[in-house]
Structures are given as structure tokens and as C-alpha cells.
Amino acid sequence: MERVEFTKEMKATHTILVPTMLPIHFKMMVEILRQHGYKAELLENDGRSVINQGLRNVHNDTCYPALLVIGQMIDALESGKYDLNKVALLITQTGGGCRASNYIHLLRKALQKSGYGHIPVISLSFGGLEKNAGFSVTVPMGLQLFNAVFLGDLLTQLQNQCLPYEVRPGETMEKVSAWTDKLVKEIGVRPVMTGGKLRGLYREMLRDFAAITRHQAKKPRVGVVGEIYVKYSPLGNNNLEAFLLSEGAEVVVPGLLGFVLYCVYNNMEDHVLYGGGAMKARIYRVVYDYLCRREKEIIDLIREQGVFQPQTWFPETVRLADGYIGHGVKMGEGWLLTAEILSLVEEGVCNVVCTQPFGCLPNHIVGKGMIRSIKEKHPEANIVAVDYDPGASAVNQQNRIKLMLANARS
């Protein structure tokens, strides 16, 4: 099957459809694409129609996240909203051993099968796995995407620490909505934000959310880990965060920056474990040190203010995996999944939901498979693994989580 390239001419005529995962982060990322001259739109269609499109167009042994992403795109194409001769699709490729790197080929096969084989599919990959004459990730765009991750992670963190305790219902989400609009606008008018501008936004954000009047009584804190898509996407995890909130819990979700750093760290670790590529490893070291400094900057500002609790600095997360799992284990979320559970326990978040999608064997091994080892050294850990697939009953999933919450309260 011949690949349809996204050409330079298409940049001016085609709308790029972007599947959603983290609404706050992805709104900023779509704005970055627009700033660089692309017509882009974030897909927000969800529900059973998306799942049904995935089941119709993807083989039934494919992992659940691939089914949902491809289903969302084809559902959007069949909605009648778009000119199918002037539309393109964008999908990420990490380049690792995970089958996610092959979603793009599954998507093209599904498009061909559905009569949309003429629609170009763009690979968003920092490794440059595929080239398109009309699309490229430049250094300024890469820096802006990193900024969207920093800002999106902090905004999500503040939302989760305020939402369960707000005295005036709706106040937190009003601020989240206002800040999302503000950040999208800031990104839209600035080619690249300076460090000083970012620090100013962090401080302003912290002050604004600290002004929310909150109840003092503490609720059970529940961490959410797992495969990256079902961990973050309400479509993938049956609105897990909303359910936990309705059950009286405070939700704690590790930020997207952790996964970005995990990918960068693995490229450095490959040189240590397998040799070769010394120059490539040095470049990744520069990126790693830059991102870690920026993360530490946010952590220090949160601690300086003293109202909210920061998450674990990534180099500490790396250290926590020692004695449990090797850093060479990197299929799926690899060693990071185990390390994130351990970092949550270290932060005092002993109740953890481990989201496991169908068709992701590596994450079952490094998630569900590591629970016993973690509990042996941390008997206070209260962990439940929940499976997600097209036929899974939401009631069964919720009952398992309710049992975990009952243990947390007792």
C-alpha cells in the first residue's frame, strides 16, 4: 500500500485532525500547530460510536488504545463535518518496541478498507520516523511543545488538588477553563516563551488556585497509573477520574512530563547497556538535563508557596525503580509504570489504580505483575489493577475500584 504524503501545498489547504488524550495539553499543542501555519483541529468525539468504528476497522487482537484512536478518527471522518478531500490525520510514533509505533500502519490499512485511502496520515515523531514535505517538527516547535507539557501538567495538578475540596462547587473548573484559554492565547502570540515568562505564569497560576476556598478535611488520595492512553484519556478509562471524584477521592495522576523524560532517559540508557551512538546519547543527555532542570524549577516554586504538594522529581523516580525492575525494561511504559507506583507510595498516595488495556502484555507484566513485589516492601500499598477493553463492563470496573476505596477508608 503506497503511502500518501502530506505535501507543502496541503499545508495551506488541508485541516489536520488530532486525536485527543489530555484535553488541556492537547488544546495547547493544537494551537502550536496553528501558530506554525497548519490548519489543525482537536477531535472531541467520544462514546460508543468511536468504539464501534474501532471494532469495525481494526483487528480484534489489536490493543485497546489503537482501537480507540483509529475509531475516533474514522468516526470523525464519517461525521460529515469535514471535506474528505481537504483533511489529514496526525498520529504520534515513539519509535520504541511498543505496538504504538505501528498504529500509523494500522490506521492507513483501516482508511484504505473504509474508502479513505487518499487521506494523508502524518507521523509526529521527534525521531523523524517518517518524512513529509509539508510537515516537520522544528526546534522552536519542539520547545513550545515542551512548554505545553510543563504548563498542562501544573494546571492538571492544581485542578486535582482543589476539585475535591472546593467550598463553592464549580469554582475550580471555572479557573481551569479560564487558564486553559489564557495559556492557549499566550502560546498563540509567542514564538517561544522565555524562562522568565514561564516562571511568571507558574507563580500566577499557583496564586490563583491557592485563592480557592477549600474544606480542610482530607479525602483518600488515589493515584492513577498504567498505559499512557488509558491512564489519561476519559474515553479510554471510562471517565475514571470523574468516577473517583464522585466516590469522594482526591485523584493524583503523574504528569505527561514523566513519560517524555522516560523516553529520553531510555535513549541514554541504551548507550550504557548496548553501546554505540555516543553522540546521540550526548544529545539526549542535554535534553534530559534541560527537562529535569525545568521540572525542578516547578517543584521548587510549589514548595516555596507551600499550599500544594509537588510530585516526585524524575531523577528520584528513576532511583525508586532500583531493586524492583531494570531500566532496560522499556516495552510499553516499561520500568516507568512500576516506578510511578513506587513514587506515589513515597508521596503518601498508597491507593493506586493501575489501568491495563487489552492487548498490552508488557504493561500487564510491569504493572499487575509487579504488585506483589511492591507490596512485600510496602505493605501499606493498596493497589488494584483494572482491565479496559471494548467489552469490559463499567460496573465490574467500578466495583473493583469501590472495593479498593473501601480498603482505603478502613
# chains A, B, ... in the order shown; residues from 1 in each chain; ligands from 1
$ select_by_dssp --residues "range 37-254 of chain A" --states "strand (DSSP E)" --output "list of chain:residue names"
A:Lys39, A:Ala40, A:Glu41, A:Leu42, A:Val87, A:Ala88, A:Leu89, A:Leu90, A:Ile91, A:Thr92, A:Val121, A:Ile122, A:Ser123, A:Leu124, A:Arg221, A:Val222, A:Gly223, A:Val224, A:Val225, A:Gly226, A:Glu250, A:Val251, A:Val252
$ write_last_selection --atoms "C-alpha atoms" --output "short mmCIF file (atom, residue, chain, number, x, y, z; two decimals), in the first residue's frame"
data_model
loop_
_atom_site.label_atom_id
_atom_site.label_comp_id
_atom_site.auth_asym_id
_atom_site.auth_seq_id
_atom_site.Cartn_x
_atom_site.Cartn_y
_atom_site.Cartn_z
CA LYS A 39 -4.81 24.21 9.99
CA ALA A 40 -5.44 21.90 12.94
CA GLU A 41 -8.44 20.72 14.94
CA LEU A 42 -8.63 18.65 18.12
CA VAL A 87 -8.30 16.68 5.52
CA ALA A 88 -5.27 14.92 7.03
CA LEU A 89 -4.75 12.87 10.19
CA LEU A 90 -1.94 13.18 12.72
CA ILE A 91 -0.72 10.37 14.95
CA THR A 92 2.31 10.07 17.27
CA VAL A 121 -1.53 10.42 7.67
CA ILE A 122 1.21 12.47 9.36
CA SER A 123 3.64 10.95 11.84
CA LEU A 124 4.50 13.22 14.79
CA ARG A 221 -5.81 10.10 47.76
CA VAL A 222 -5.91 7.71 44.80
CA GLY A 223 -3.14 7.53 42.21
CA VAL A 224 -3.78 6.53 38.60
CA VAL A 225 -1.04 4.81 36.59
CA GLY A 226 -0.91 2.48 33.60
CA GLU A 250 -8.66 13.05 45.56
CA VAL A 251 -7.15 11.93 42.26
CA VAL A 252 -3.36 12.00 41.76
#
$ residues_around --residues "range 322-329 of chain A" --least-positions-apart "4" --cutoff "9 Å" --atoms "only C-alpha atoms" --output "ChimeraX atom specification"
/A:266,269-270,273,318,333-336,338-339,366,370,373-374
$ closest_atom_pairs --of "range 8-87 of chain A" --to "range 161-181 of chain A" --cutoff "10 Å" --atoms "only C-alpha atoms" --output "Markdown table"
| residue | atom | partner | partner_atom | distance |
| --- | --- | --- | --- | --- |
| A:Pro23 | CA | A:Thr180 | CA | 9.5 |
| A:Ile24 | CA | A:Thr180 | CA | 6.3 |
| A:His25 | CA | A:Thr180 | CA | 8.7 |
| A:Lys27 | CA | A:Thr180 | CA | 8.0 |
| A:Met28 | CA | A:Thr180 | CA | 8.0 |
$ write_last_selection --atoms "N, CA and C atoms" --output "compact mmCIF listing (two decimals), in the first residue's frame"
# COMPACT_ATOMS: atom_id res chain seq x y z
N PRO A 23 -7.00 16.67 27.40
CA PRO A 23 -7.65 17.84 26.80
C PRO A 23 -6.89 19.15 26.97
N ILE A 24 -6.39 19.44 28.18
CA ILE A 24 -5.69 20.71 28.44
C ILE A 24 -4.41 20.79 27.61
N HIS A 25 -3.59 19.75 27.71
CA HIS A 25 -2.32 19.74 26.98
C HIS A 25 -2.54 19.82 25.47
N LYS A 27 -5.03 20.93 23.68
CA LYS A 27 -5.53 22.20 23.16
C LYS A 27 -4.36 23.15 22.89
N MET A 28 -3.40 23.16 23.81
CA MET A 28 -2.21 24.00 23.60
C MET A 28 -1.38 23.49 22.43
$ closest_atom_pairs --of "range 187-269 of chain A" --to "range 285-289 of chain A" --cutoff "7 Å" --atoms "only C-alpha atoms" --output "tab-separated table"
residue	atom	partner	partner_atom	distance
A:Leu261	CA	A:Tyr288	CA	6.6
A:Val264	CA	A:Tyr288	CA	6.2
A:Tyr265	CA	A:Tyr288	CA	6.8
A:Met268	CA	A:Arg285	CA	6.5
$ write_last_selection --atoms "C-alpha atoms" --output "CSV table (one decimal), in the first residue's frame"
chain,number,residue,atom,x,y,z
A,261,LEU,CA,11.6,12.1,30.3
A,264,VAL,CA,14.6,10.5,26.6
A,265,TYR,CA,16.2,8.5,29.5
A,268,MET,CA,20.6,7.5,27.1
$ closest_residue --among "A:Asn57, A:Thr7, A:Thr138, A:Ser79" --to "Leu106 in chain A" --atoms "only C-alpha atoms"
A:Asn57
